[in-house]
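Pasting start.csv here (CSV, C-alpha atoms (C1' of nucleotides)):
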```csv
chain,number,residue,atom,x,y,z
A,1,MET,CA,113.8,80.7,78.3
A,2,ARG,CA,115.9,83.3,80.0
A,3,ILE,CA,116.4,82.5,83.7
A,4,SER,CA,118.1,85.8,84.5
A,5,CYS,CA,116.3,88.7,86.1
A,6,MET,CA,113.9,86.5,88.1
A,7,ARG,CA,114.5,88.0,91.4
A,8,THR,CA,117.0,90.8,91.0
A,9,ALA,CA,115.7,93.6,88.8
A,10,ASN,CA,118.0,94.3,85.9
A,11,ILE,CA,118.6,97.8,84.7
A,12,ARG,CA,119.5,96.1,81.4
A,13,PRO,CA,121.0,98.8,79.3
A,14,ALA,CA,122.4,100.9,82.2
A,15,THR,CA,122.3,104.2,80.4
A,16,SER,CA,123.5,107.2,82.3
A,17,GLN,CA,120.0,108.7,82.3
A,18,ARG,CA,118.6,105.5,83.8
A,19,LYS,CA,121.2,105.4,86.5
A,20,LEU,CA,120.7,109.1,87.3
A,21,LEU,CA,116.9,108.8,87.5
A,22,LEU,CA,117.2,105.8,89.8
A,23,SER,CA,119.5,107.6,92.2
A,24,VAL,CA,117.3,110.6,92.3
A,25,ILE,CA,114.4,108.4,93.3
A,26,ARG,CA,116.5,106.6,95.8
A,27,GLU,CA,117.9,109.7,97.4
A,28,ALA,CA,114.5,111.4,97.6
A,29,LYS,CA,112.9,111.4,101.0
A,30,GLY,CA,109.4,110.2,100.1
A,31,LEU,CA,107.4,110.6,97.0
A,32,LEU,CA,108.1,112.3,93.7
A,33,ASP,CA,106.0,112.9,90.7
A,34,ALA,CA,107.3,112.9,87.2
A,35,LYS,CA,107.8,116.6,86.9
A,36,GLU,CA,109.7,116.8,90.2
A,37,LEU,CA,111.8,113.9,89.2
A,38,TYR,CA,112.6,115.6,85.9
A,39,ARG,CA,113.4,118.8,87.7
A,40,ARG,CA,115.8,117.2,90.1
A,41,ALA,CA,117.4,115.0,87.4
A,42,SER,CA,117.8,118.1,85.2
A,43,GLU,CA,120.0,119.7,87.8
A,44,ARG,CA,122.5,117.0,87.3
A,45,ASP,CA,122.1,116.4,83.6
A,46,ALA,CA,120.5,119.3,81.9
A,47,SER,CA,119.9,117.5,78.6
A,48,ILE,CA,117.6,114.8,80.0
A,49,SER,CA,114.1,114.9,78.6
A,50,LEU,CA,110.8,114.5,80.2
A,51,ALA,CA,110.0,111.6,77.8
A,52,THR,CA,112.9,109.7,79.2
A,53,VAL,CA,111.6,110.3,82.7
A,54,TYR,CA,108.2,108.8,81.8
A,55,ARG,CA,109.7,105.9,79.8
A,56,ASN,CA,112.0,105.0,82.7
A,57,LEU,CA,109.3,105.4,85.3
A,58,ARG,CA,107.3,102.8,83.3
A,59,PHE,CA,110.3,100.7,83.0
A,60,PHE,CA,111.1,100.8,86.8
A,61,LYS,CA,107.5,100.0,87.5
A,62,GLU,CA,107.7,96.9,85.3
A,63,GLN,CA,110.9,95.9,87.0
A,64,GLU,CA,109.1,96.4,90.3
A,65,LEU,CA,111.8,98.7,91.5
A,66,ILE,CA,109.4,101.5,92.4
A,67,ASN,CA,105.9,101.9,93.7
A,68,GLU,CA,103.4,104.1,92.0
A,69,ARG,CA,100.8,105.9,94.2
A,70,HIS,CA,98.0,108.2,93.3
A,71,PHE,CA,96.4,110.6,95.7
A,72,GLY,CA,92.8,111.6,95.0
A,73,HIS,CA,93.4,115.3,95.0
A,74,THR,CA,96.3,115.6,92.6
A,75,ARG,CA,96.3,114.8,88.9
A,76,SER,CA,99.7,113.2,88.6
A,77,CYS,CA,101.1,109.9,90.0
A,78,CYS,CA,103.8,109.8,92.6
A,79,TYR,CA,106.7,107.4,92.8
A,80,GLU,CA,109.0,106.0,95.4
A,81,MET,CA,111.6,103.3,95.8
A,82,LYS,CA,110.2,100.0,96.8
A,83,ARG,CA,111.3,99.1,100.3
A,84,SER,CA,111.0,96.0,102.4
A,85,GLY,CA,108.5,97.3,105.0
A,86,GLU,CA,105.1,97.9,103.4
A,87,HIS,CA,103.7,101.3,104.3
A,88,TYR,CA,100.8,103.6,103.4
A,89,HIS,CA,100.2,107.3,103.4
A,90,LEU,CA,98.3,110.0,105.4
A,91,VAL,CA,97.9,113.1,103.4
A,92,CYS,CA,97.3,116.3,105.3
A,93,ARG,CA,94.7,118.6,103.7
A,94,GLY,CA,96.1,121.5,105.6
A,95,CYS,CA,99.8,121.5,104.8
A,96,GLY,CA,100.0,118.9,102.1
A,97,HIS,CA,102.5,116.9,104.1
A,98,VAL,CA,102.6,113.1,103.5
A,99,ILE,CA,103.1,110.9,106.6
A,100,GLU,CA,103.9,107.2,106.2
A,101,PHE,CA,102.4,104.6,108.4
A,102,GLY,CA,102.1,100.9,108.7
A,103,SER,CA,99.8,98.7,110.7
A,104,PRO,CA,99.5,95.0,111.3
A,105,LEU,CA,95.7,95.5,111.0
A,106,ILE,CA,96.3,95.9,107.2
A,107,HIS,CA,97.6,92.4,107.0
A,108,ARG,CA,94.6,91.1,108.8
A,109,LEU,CA,92.4,93.1,106.5
A,110,VAL,CA,94.0,91.6,103.4
A,111,ALA,CA,93.8,88.1,104.8
A,112,GLU,CA,90.1,88.6,105.6
A,113,ILE,CA,89.4,89.9,102.1
A,114,ARG,CA,91.3,87.0,100.6
A,115,ARG,CA,89.2,84.6,102.5
A,116,LYS,CA,85.8,86.3,102.3
A,117,ASN,CA,85.9,87.3,98.7
A,118,ASP,CA,88.1,84.5,97.4
A,119,PHE,CA,90.3,87.2,95.9
A,120,ALA,CA,94.1,87.0,95.3
A,121,VAL,CA,95.4,90.4,96.4
A,122,THR,CA,98.5,91.6,94.6
A,123,ARG,CA,98.5,95.2,95.6
A,124,VAL,CA,97.1,97.4,98.3
A,125,GLU,CA,96.5,101.1,97.8
A,126,LEU,CA,95.5,102.8,101.0
A,127,CYS,CA,95.6,106.5,101.5
A,128,LEU,CA,93.9,108.5,104.3
A,129,GLU,CA,93.2,112.2,104.0
A,130,GLY,CA,92.7,114.5,106.9
A,131,TYR,CA,94.4,117.0,109.1
A,132,CYS,CA,97.7,116.4,110.9
A,133,HIS,CA,98.5,117.4,114.5
A,134,ASP,CA,99.4,121.0,113.6
A,135,CYS,CA,96.7,121.7,111.1
A,136,LYS,CA,94.0,120.2,113.3
A,137,LYS,CA,94.5,123.0,115.7
A,138,GLU,CA,93.9,125.7,113.2
A,139,GLU,CA,90.9,124.0,111.7
A,140,LYS,CA,88.9,123.0,114.7
A,141,PRO,CA,88.5,125.8,117.2
A,142,SER,CA,87.6,128.5,114.6
A,143,SER,CA,84.3,128.6,112.7
A,144,LYS,CA,83.8,126.1,109.9
A,145,VAL,CA,85.7,128.0,107.2
A,146,ALA,CA,86.9,124.9,105.5
B,147,MET,CA,75.6,133.8,108.1
B,148,ARG,CA,73.7,131.4,106.0
B,149,ILE,CA,72.4,128.5,108.0
B,150,SER,CA,70.8,126.7,105.1
B,151,CYS,CA,72.4,123.7,103.3
B,152,MET,CA,74.2,122.5,106.4
B,153,ARG,CA,73.1,118.9,106.4
B,154,THR,CA,71.0,118.5,103.3
B,155,ALA,CA,72.7,119.0,100.1
B,156,ASN,CA,71.1,121.6,97.9
B,157,ILE,CA,71.0,121.3,94.2
B,158,ARG,CA,70.5,125.0,94.2
B,159,PRO,CA,69.6,125.9,90.7
B,160,ALA,CA,68.0,122.6,89.8
B,161,THR,CA,68.7,122.8,86.1
B,162,SER,CA,67.5,120.0,83.9
B,163,GLN,CA,71.1,118.9,83.2
B,164,ARG,CA,72.0,118.8,86.9
B,165,LYS,CA,68.9,116.7,87.6
B,166,LEU,CA,69.6,114.4,84.7
B,167,LEU,CA,73.3,113.9,85.7
B,168,LEU,CA,72.3,113.1,89.2
B,169,SER,CA,69.8,110.5,88.2
B,170,VAL,CA,72.2,108.8,85.8
B,171,ILE,CA,74.7,108.6,88.6
B,172,ARG,CA,72.0,107.3,91.0
B,173,GLU,CA,70.8,104.7,88.6
B,174,ALA,CA,74.2,103.5,87.7
B,175,LYS,CA,75.2,100.2,89.3
B,176,GLY,CA,78.6,101.1,90.7
B,177,LEU,CA,81.2,103.5,89.4
B,178,LEU,CA,81.2,105.8,86.4
B,179,ASP,CA,83.8,108.0,84.9
B,180,ALA,CA,83.1,111.4,83.3
B,181,LYS,CA,83.1,110.1,79.8
B,182,GLU,CA,80.7,107.2,80.6
B,183,LEU,CA,78.4,109.6,82.5
B,184,TYR,CA,78.5,111.9,79.5
B,185,ARG,CA,77.6,109.1,77.2
B,186,ARG,CA,74.7,107.9,79.3
B,187,ALA,CA,73.4,111.4,79.9
B,188,SER,CA,73.7,112.2,76.1
B,189,GLU,CA,71.3,109.4,75.4
B,190,ARG,CA,68.6,111.3,77.3
B,191,ASP,CA,69.6,114.8,76.4
B,192,ALA,CA,71.8,114.9,73.3
B,193,SER,CA,72.7,118.5,73.7
B,194,ILE,CA,74.4,118.2,77.1
B,195,SER,CA,78.1,119.1,77.0
B,196,LEU,CA,81.1,117.4,78.6
B,197,ALA,CA,82.0,120.7,80.3
B,198,THR,CA,78.7,120.6,82.1
B,199,VAL,CA,79.4,117.0,83.2
B,200,TYR,CA,82.7,118.0,84.7
B,201,ARG,CA,81.3,121.2,86.3
B,202,ASN,CA,78.5,119.2,87.9
B,203,LEU,CA,80.8,116.4,89.1
B,204,ARG,CA,82.8,119.1,90.9
B,205,PHE,CA,79.6,120.6,92.2
B,206,PHE,CA,78.3,117.3,93.5
B,207,LYS,CA,81.6,116.5,95.1
B,208,GLU,CA,81.5,119.9,96.9
B,209,GLN,CA,78.0,119.1,98.0
B,210,GLU,CA,79.3,115.7,99.2
B,211,LEU,CA,76.6,114.0,97.2
B,212,ILE,CA,79.1,111.7,95.4
B,213,ASN,CA,82.4,110.0,96.1
B,214,GLU,CA,85.3,110.3,93.8
B,215,ARG,CA,87.6,107.3,93.4
B,216,HIS,CA,90.8,106.8,91.5
B,217,PHE,CA,92.2,103.4,90.6
B,218,GLY,CA,95.9,103.3,89.9
B,219,HIS,CA,95.7,101.7,86.5
B,220,THR,CA,93.3,104.2,84.8
B,221,ARG,CA,93.9,107.8,84.1
B,222,SER,CA,90.4,109.1,84.9
B,223,CYS,CA,88.5,109.3,88.1
B,224,CYS,CA,85.4,107.4,88.9
B,225,TYR,CA,82.3,108.6,90.7
B,226,GLU,CA,79.4,107.0,92.5
B,227,MET,CA,76.5,108.1,94.7
B,228,LYS,CA,77.5,108.5,98.4
B,229,ARG,CA,75.7,105.9,100.4
B,230,SER,CA,75.2,105.2,104.1
B,231,GLY,CA,77.4,102.1,104.4
B,232,GLU,CA,81.1,102.9,103.7
B,233,HIS,CA,82.6,100.5,101.3
B,234,TYR,CA,85.8,100.0,99.4
B,235,HIS,CA,86.9,98.3,96.2
B,236,LEU,CA,88.6,95.3,94.8
B,237,VAL,CA,89.7,95.6,91.2
B,238,CYS,CA,90.4,92.4,89.3
B,239,ARG,CA,93.4,92.6,87.1
B,240,GLY,CA,92.0,89.8,85.0
B,241,CYS,CA,88.5,90.9,84.0
B,242,GLY,CA,88.5,94.5,85.3
B,243,HIS,CA,85.5,93.8,87.5
B,244,VAL,CA,85.1,96.0,90.6
B,245,ILE,CA,83.9,94.3,93.7
B,246,GLU,CA,82.7,96.3,96.7
B,247,PHE,CA,83.6,95.3,100.2
B,248,GLY,CA,83.5,96.6,103.7
B,249,SER,CA,85.1,95.5,106.9
B,250,PRO,CA,84.9,96.5,110.5
B,251,LEU,CA,88.7,96.2,110.6
B,252,ILE,CA,88.9,99.5,108.6
B,253,HIS,CA,87.2,101.3,111.5
B,254,ARG,CA,89.7,99.9,113.9
B,255,LEU,CA,92.5,100.9,111.5
B,256,VAL,CA,91.3,104.4,111.3
B,257,ALA,CA,90.9,104.7,115.0
B,258,GLU,CA,94.4,103.4,115.5
B,259,ILE,CA,95.8,105.9,113.0
B,260,ARG,CA,93.9,108.7,114.6
B,261,ARG,CA,95.4,107.8,118.0
B,262,LYS,CA,98.9,106.9,117.0
B,263,ASN,CA,99.5,109.7,114.5
B,264,ASP,CA,97.3,112.3,116.1
B,265,PHE,CA,95.7,112.7,112.7
B,266,ALA,CA,92.1,113.7,112.0
B,267,VAL,CA,91.0,111.4,109.2
B,268,THR,CA,88.4,112.8,106.9
B,269,ARG,CA,88.6,110.4,104.0
B,270,VAL,CA,89.7,106.8,103.4
B,271,GLU,CA,90.8,105.7,100.0
B,272,LEU,CA,91.3,101.9,100.0
B,273,CYS,CA,91.6,99.9,96.8
B,274,LEU,CA,93.0,96.4,96.4
B,275,GLU,CA,94.2,95.0,93.2
B,276,GLY,CA,94.4,91.3,92.4
B,277,TYR,CA,92.6,88.4,90.8
B,278,CYS,CA,89.0,87.4,91.5
B,279,HIS,CA,87.8,83.9,92.0
B,280,ASP,CA,87.4,83.2,88.2
B,281,CYS,CA,90.5,84.9,87.0
B,282,LYS,CA,92.7,83.3,89.7
B,283,LYS,CA,92.0,79.9,88.2
B,284,GLU,CA,93.4,80.9,84.8
B,285,GLU,CA,96.5,82.7,86.3
B,286,LYS,CA,97.6,80.2,88.9
B,287,PRO,CA,98.0,76.7,87.5
B,288,SER,CA,99.8,77.7,84.3
B,289,SER,CA,103.3,79.1,84.3
B,290,LYS,CA,103.9,82.6,85.7
B,291,VAL,CA,103.0,84.5,82.6
B,292,ALA,CA,101.8,87.5,84.5
C,293,DG,C1',127.2,95.7,64.9
C,294,DT,C1',122.8,95.3,66.8
C,295,DT,C1',119.4,96.2,70.1
C,296,DG,C1',117.2,99.2,72.4
C,297,DG,C1',117.4,104.0,74.8
C,298,DT,C1',117.3,109.1,74.0
C,299,DG,C1',115.8,113.9,72.7
C,300,DC,C1',112.7,116.4,70.3
C,301,DA,C1',108.3,117.7,68.9
C,302,DA,C1',103.9,116.4,67.9
C,303,DA,C1',99.9,113.7,69.4
C,304,DT,C1',96.6,112.2,72.8
C,305,DA,C1',93.6,111.9,77.0
C,306,DG,C1',91.5,114.0,80.7
C,307,DT,C1',90.0,118.1,82.6
C,308,DT,C1',89.3,123.2,83.0
C,309,DT,C1',88.1,127.8,81.5
C,310,DG,C1',86.5,132.3,78.9
C,311,DC,C1',82.8,134.1,76.9
C,312,DA,C1',78.3,134.8,75.1
C,313,DT,C1',73.8,133.1,75.9
C,314,DG,C1',70.1,130.9,78.4
C,315,DT,C1',67.3,129.4,82.6
C,316,DG,C1',65.6,128.8,87.5
C,317,DC,C1',63.7,131.1,91.2
D,318,DG,C1',65.6,140.5,86.5
D,319,DC,C1',69.6,138.6,88.5
D,320,DA,C1',72.7,135.1,89.6
D,321,DC,C1',74.4,131.5,88.1
D,322,DA,C1',74.5,127.3,84.8
D,323,DT,C1',75.2,126.0,80.0
D,324,DG,C1',77.5,125.1,75.3
D,325,DC,C1',81.2,125.8,72.6
D,326,DA,C1',85.8,126.0,71.6
D,327,DA,C1',90.1,126.9,73.1
D,328,DA,C1',93.5,126.2,76.8
D,329,DC,C1',95.9,123.4,79.9
D,330,DT,C1',98.2,119.4,82.3
D,331,DA,C1',99.8,114.9,82.4
D,332,DT,C1',101.4,111.4,79.6
D,333,DT,C1',102.6,108.9,75.3
D,334,DT,C1',104.6,108.2,70.7
D,335,DG,C1',107.1,108.6,65.9
D,336,DC,C1',111.3,109.3,64.3
D,337,DA,C1',116.1,110.2,63.6
D,338,DC,C1',120.1,109.6,66.1
D,339,DC,C1',123.2,107.7,69.7
D,340,DA,C1',125.0,104.5,73.4
D,341,DA,C1',125.6,100.0,75.9
D,342,DC,C1',127.1,95.5,75.6
```
If you convert what's in this file into structure tokens, what do you get?
Amino acid sequence: MRISCMRTANIRPATSQRKLLLSVIREAKGLLDAKELYRRASERDASISLATVYRNLRFFKEQELINERHFGHTRSCCYEMKRSGEHYHLVCRGCGHVIEFGSPLIHRLVAEIRRKNDFAVTRVELCLEGYCHDCKKEEKPSSKVA
Amino acid sequence: MRISCMRTANIRPATSQRKLLLSVIREAKGLLDAKELYRRASERDASISLATVYRNLRFFKEQELINERHFGHTRSCCYEMKRSGEHYHLVCRGCGHVIEFGSPLIHRLVAEIRRKNDFAVTRVELCLEGYCHDCKKEEKPSSKVA
DNA sequence: GTTGGTGCAAATAGTTTGCATGTGC
DNA sequence: GCACATGCAAACTATTTGCACCAAC
């Protein structure tokens, strides 16, 4: 039995494409979908293929290097580097902006569910939709156009 | 300005397909995806088309008659009748079972976000993944196969 | 040198749309 | 009768896969 790679993720064959993709994801502020990742990676290595992007996204997910998120209104998944502090997302229906947030209440919620439902939670997907500060102003006072 | 259909959803042209689809969704215990809805509707009206299913799902969504949910691990969306009590979902990674739950903590969470981020929440998507009571037993005692 | 990653193109899955026809009100 | 829903097939988007070739270790 291999005992390597238990805690630290290994980028086993560290191909140039793999390293490139990881740094694009790392350097991104926030979330990226496959197409956008492909676009940004292509700027640095024009020969990279979309299939490689998808294959590596799956690989990074398996290695638990990245998080995959899906927002109800889009068809594609979004990805971001896994970080220490857990956080969730607010998506503005006005400007499309994604705001990160965290709250200790979520911990309590998960603990409650664990207890009440006897359920071992491994992953929390929480996404709120609505209108951010700026977009609220435009939506509210006028007639109900939305 | 039309003042109809403000509160009560209207199934405007109440075509037989539209009525059929709505009753299939209503009679379903839990969530359905488009294909499953199509399959069940086809049993009662073999000539119904998948395009009609999708068009009506969009229509019902606009009328706010149904909720659309998306779980990270599947590619398609799931739908269910909108009901009075808000509820969210636990998805078991072992058996695939979906458990509904609700918690007053979610209300508090939304209120907190509204206040802290000055964000008008219109929709909450919350889905927890993990292992249910039965599947936990098989996963836990043995070696970490997962 | 072997294992496994890559590019390409084709395949697949889920969903949407154009168009001619049919149906509810 | 008119507006709009439907069925069909084709289009489209996101993602996956088979295959020949290439790179990392």
Chain fit, chain A moved to chain B over all Cα pairs in order, as a short mmCIF file (atom, residue, chain, number, x, y, z; two decimals) with C-alpha atoms, in the coordinates of the input:
```cif
data_model
loop_
_atom_site.label_atom_id
_atom_site.label_comp_id
_atom_site.auth_asym_id
_atom_site.auth_seq_id
_atom_site.Cartn_x
_atom_site.Cartn_y
_atom_site.Cartn_z
CA MET A 1 75.08 133.82 107.58
CA ARG A 2 73.00 131.41 105.60
CA ILE A 3 71.80 128.50 107.75
CA SER A 4 70.33 126.55 104.84
CA CYS A 5 72.12 123.67 103.19
CA MET A 6 73.91 122.56 106.37
CA ARG A 7 72.91 119.02 106.28
CA THR A 8 70.82 118.45 103.19
CA ALA A 9 72.75 119.08 99.99
CA ASN A 10 71.06 121.63 97.80
CA ILE A 11 71.03 121.27 94.07
CA ARG A 12 70.53 125.06 94.09
CA PRO A 13 69.70 125.94 90.56
CA ALA A 14 68.05 122.60 89.64
CA THR A 15 68.79 122.78 85.96
CA SER A 16 67.59 119.92 83.85
CA GLN A 17 71.18 118.89 83.08
CA ARG A 18 71.97 118.77 86.79
CA LYS A 19 68.95 116.68 87.56
CA LEU A 20 69.68 114.32 84.65
CA LEU A 21 73.34 113.85 85.63
CA LEU A 22 72.35 113.11 89.21
CA SER A 23 69.88 110.44 88.20
CA VAL A 24 72.32 108.82 85.91
CA ILE A 25 74.77 108.54 88.77
CA ARG A 26 72.10 107.31 91.07
CA GLU A 27 70.78 104.70 88.71
CA ALA A 28 74.25 103.41 87.83
CA LYS A 29 75.24 100.19 89.48
CA GLY A 30 78.70 101.12 90.77
CA LEU A 31 81.23 103.51 89.47
CA LEU A 32 81.27 105.81 86.47
CA ASP A 33 83.90 108.01 85.05
CA ALA A 34 83.22 111.29 83.40
CA LYS A 35 83.16 110.03 79.88
CA GLU A 36 80.76 107.19 80.74
CA LEU A 37 78.57 109.57 82.59
CA TYR A 38 78.52 111.88 79.58
CA ARG A 39 77.76 108.98 77.31
CA ARG A 40 74.84 107.79 79.34
CA ALA A 41 73.50 111.33 79.94
CA SER A 42 73.80 112.01 76.19
CA GLU A 43 71.37 109.24 75.46
CA ARG A 44 68.72 111.12 77.27
CA ASP A 45 69.68 114.65 76.35
CA ALA A 46 71.84 114.75 73.32
CA SER A 47 72.80 118.42 73.68
CA ILE A 48 74.54 118.07 77.05
CA SER A 49 78.22 118.89 76.97
CA LEU A 50 81.14 117.27 78.52
CA ALA A 51 82.04 120.57 80.27
CA THR A 52 78.76 120.46 82.07
CA VAL A 53 79.51 116.92 83.18
CA TYR A 54 82.84 117.99 84.72
CA ARG A 55 81.41 121.20 86.26
CA ASN A 56 78.57 119.24 87.87
CA LEU A 57 80.82 116.44 89.02
CA ARG A 58 82.85 119.13 90.87
CA PHE A 59 79.75 120.63 92.13
CA PHE A 60 78.33 117.27 93.47
CA LYS A 61 81.66 116.59 95.07
CA GLU A 62 81.52 119.91 96.91
CA GLN A 63 77.99 119.17 97.98
CA GLU A 64 79.25 115.80 99.18
CA LEU A 65 76.63 114.04 97.17
CA ILE A 66 79.12 111.76 95.42
CA ASN A 67 82.37 110.04 96.17
CA GLU A 68 85.33 110.34 93.91
CA ARG A 69 87.69 107.31 93.62
CA HIS A 70 90.82 106.82 91.65
CA PHE A 71 92.23 103.46 90.74
CA GLY A 72 95.98 103.26 90.15
CA HIS A 73 95.77 101.74 86.73
CA THR A 74 93.36 104.08 85.00
CA ARG A 75 93.91 107.74 84.20
CA SER A 76 90.47 109.07 84.96
CA CYS A 77 88.52 109.39 88.26
CA CYS A 78 85.42 107.40 88.97
CA TYR A 79 82.30 108.57 90.73
CA GLU A 80 79.46 107.10 92.67
CA MET A 81 76.57 108.19 94.83
CA LYS A 82 77.44 108.55 98.43
CA ARG A 83 75.67 105.92 100.50
CA SER A 84 75.29 105.34 104.19
CA GLY A 85 77.44 102.18 104.50
CA GLU A 86 81.10 102.98 103.86
CA HIS A 87 82.67 100.55 101.41
CA TYR A 88 85.90 100.05 99.45
CA HIS A 89 86.86 98.40 96.23
CA LEU A 90 88.66 95.23 94.94
CA VAL A 91 89.71 95.65 91.41
CA CYS A 92 90.30 92.51 89.41
CA ARG A 93 93.36 92.67 87.12
CA GLY A 94 91.96 89.87 85.07
CA CYS A 95 88.47 91.00 84.13
CA GLY A 96 88.46 94.56 85.33
CA HIS A 97 85.47 93.90 87.53
CA VAL A 98 85.08 96.08 90.68
CA ILE A 99 83.84 94.30 93.84
CA GLU A 100 82.75 96.34 96.86
CA PHE A 101 83.58 95.32 100.34
CA GLY A 102 83.45 96.61 103.84
CA SER A 103 85.14 95.51 107.01
CA PRO A 104 84.95 96.52 110.62
CA LEU A 105 88.78 96.16 110.67
CA ILE A 106 88.88 99.46 108.66
CA HIS A 107 87.28 101.28 111.50
CA ARG A 108 89.78 99.90 113.90
CA LEU A 109 92.53 100.86 111.53
CA VAL A 110 91.34 104.46 111.34
CA ALA A 111 90.94 104.68 115.09
CA GLU A 112 94.48 103.34 115.57
CA ILE A 113 95.89 105.85 113.09
CA ARG A 114 93.99 108.65 114.76
CA ARG A 115 95.48 107.74 118.04
CA LYS A 116 99.02 106.81 116.99
CA ASN A 117 99.64 109.62 114.60
CA ASP A 118 97.42 112.23 116.22
CA PHE A 119 95.79 112.66 112.82
CA ALA A 120 92.15 113.70 112.13
CA VAL A 121 91.03 111.40 109.32
CA THR A 122 88.42 112.84 106.99
CA ARG A 123 88.62 110.40 104.17
CA VAL A 124 89.76 106.88 103.53
CA GLU A 125 90.81 105.67 100.11
CA LEU A 126 91.42 101.96 100.06
CA CYS A 127 91.61 99.94 96.93
CA LEU A 128 93.01 96.38 96.56
CA GLU A 129 94.12 94.98 93.23
CA GLY A 130 94.35 91.34 92.44
CA TYR A 131 92.57 88.48 90.82
CA CYS A 132 88.97 87.49 91.55
CA HIS A 133 87.68 83.92 92.00
CA ASP A 134 87.31 83.28 88.25
CA CYS A 135 90.46 84.92 87.04
CA LYS A 136 92.58 83.30 89.74
CA LYS A 137 91.96 80.00 88.12
CA GLU A 138 93.25 81.01 84.78
CA GLU A 139 96.27 82.76 86.18
CA LYS A 140 97.62 80.28 88.63
CA PRO A 141 97.88 76.79 87.21
CA SER A 142 99.48 77.86 83.87
CA SER A 143 103.04 79.16 83.55
CA LYS A 144 103.75 82.68 84.72
CA VAL A 145 102.54 84.50 81.60
CA ALA A 146 101.34 87.48 83.49
#
```
Within 12 Å of region 295-315 of chain C, which residues of region 188-255 of chain B come that close, and what is the closest atom pair and distance in Å for each? Count all atoms listed in the file and give it as a Markdown table.
```
| residue | atom | partner | partner_atom | distance |
| --- | --- | --- | --- | --- |
| B:Leu196 | CA | C:DT307 | C1' | 9.8 |
| B:Ala197 | CA | C:DT308 | C1' | 8.2 |
| B:Thr198 | CA | C:DT308 | C1' | 11.0 |
| B:Val199 | CA | C:DT307 | C1' | 10.7 |
| B:Tyr200 | CA | C:DT307 | C1' | 7.6 |
| B:Arg201 | CA | C:DT308 | C1' | 8.9 |
| B:Leu203 | CA | C:DT307 | C1' | 11.4 |
| B:Arg204 | CA | C:DT308 | C1' | 11.0 |
| B:Thr220 | CA | C:DG306 | C1' | 10.8 |
| B:Arg221 | CA | C:DG306 | C1' | 7.5 |
| B:Ser222 | CA | C:DG306 | C1' | 6.5 |
| B:Cys223 | CA | C:DG306 | C1' | 9.3 |
```
Could you produce a table of the residues of chain B lying within 10 Å of chain A, with the nearest pair of atoms per residue and their separation in Å rounded to one decimal, using only C-alpha atoms, ordered by chain and increasing residue number, as a tab-separated table?
```
residue	atom	partner	partner_atom	distance
B:Glu214	CA	A:Gly72	CA	7.7
B:Arg215	CA	A:Gly72	CA	6.9
B:His216	CA	A:Gly72	CA	6.3
B:Phe217	CA	A:His70	CA	8.0
B:Gly218	CA	A:His70	CA	6.3
B:His219	CA	A:His70	CA	9.7
B:Arg221	CA	A:Arg75	CA	8.8
B:Ser222	CA	A:Arg75	CA	9.1
B:Cys223	CA	A:Gly72	CA	8.4
B:Leu236	CA	A:Phe119	CA	8.3
B:Val237	CA	A:Val121	CA	9.3
B:Cys238	CA	A:Phe119	CA	8.4
B:Arg239	CA	A:Thr122	CA	9.1
B:Ile245	CA	A:Asn117	CA	8.8
B:Glu246	CA	A:Asn117	CA	9.8
B:Phe247	CA	A:Ile113	CA	8.1
B:Gly248	CA	A:Ile113	CA	9.1
B:Ser249	CA	A:Leu109	CA	7.7
B:Pro250	CA	A:Leu109	CA	9.2
B:Leu251	CA	A:Leu109	CA	6.3
B:Ile252	CA	A:Leu109	CA	7.6
B:Arg254	CA	A:Leu105	CA	8.0
B:Leu255	CA	A:Leu105	CA	6.3
B:Val256	CA	A:Leu128	CA	8.5
B:Glu258	CA	A:Ser103	CA	8.6
B:Ile259	CA	A:Phe101	CA	8.1
B:Arg260	CA	A:Cys132	CA	9.3
B:Lys262	CA	A:Phe101	CA	9.6
B:Asn263	CA	A:His133	CA	7.8
B:Asp264	CA	A:His133	CA	5.5
B:Phe265	CA	A:Cys132	CA	4.6
B:Ala266	CA	A:Tyr131	CA	5.0
B:Val267	CA	A:Gly130	CA	4.2
B:Thr268	CA	A:Gly130	CA	4.6
B:Arg269	CA	A:Glu129	CA	4.9
B:Val270	CA	A:Leu128	CA	4.6
B:Glu271	CA	A:Cys127	CA	5.1
B:Leu272	CA	A:Leu126	CA	4.4
B:Cys273	CA	A:Glu125	CA	5.1
B:Leu274	CA	A:Val124	CA	4.6
B:Glu275	CA	A:Arg123	CA	4.9
B:Gly276	CA	A:Val121	CA	4.2
B:Tyr277	CA	A:Ala120	CA	4.9
B:Cys278	CA	A:Phe119	CA	4.6
B:His279	CA	A:Asp118	CA	5.4
B:Asp280	CA	A:Phe119	CA	9.1
B:Cys281	CA	A:Phe119	CA	9.2
B:Lys282	CA	A:Ala120	CA	6.9
B:Lys286	CA	A:Ala120	CA	10.0
```
If you take all atoms listed in the file and a cut-off of 8 Å, which residues of chain D touch chain A, and what are their nearest atom pairs and distances in Å to one decimal, in chain and number order, as JSON lines?
```
{"residue": "D:DA331", "atom": "C1'", "partner": "A:Ser76", "partner_atom": "CA", "distance": 6.4}
{"residue": "D:DT332", "atom": "C1'", "partner": "A:Tyr54", "partner_atom": "CA", "distance": 7.6}
{"residue": "D:DA340", "atom": "C1'", "partner": "A:Thr15", "partner_atom": "CA", "distance": 7.5}
{"residue": "D:DA341", "atom": "C1'", "partner": "A:Pro13", "partner_atom": "CA", "distance": 5.8}
{"residue": "D:DC342", "atom": "C1'", "partner": "A:Pro13", "partner_atom": "CA", "distance": 7.9}
```
Practice problem: Name the residues in contact with region 183-193 of chain B at a cut-off of 10 Å, using only C-alpha atoms (C1' of nucleotides), excluding same-chain residues fewer than 6 positions from it; report them as a PyMOL selection string. | Solution: (chain B and resi 162-163+166-171+174+177+199-200+203+224-225) or (chain D and resi 324)
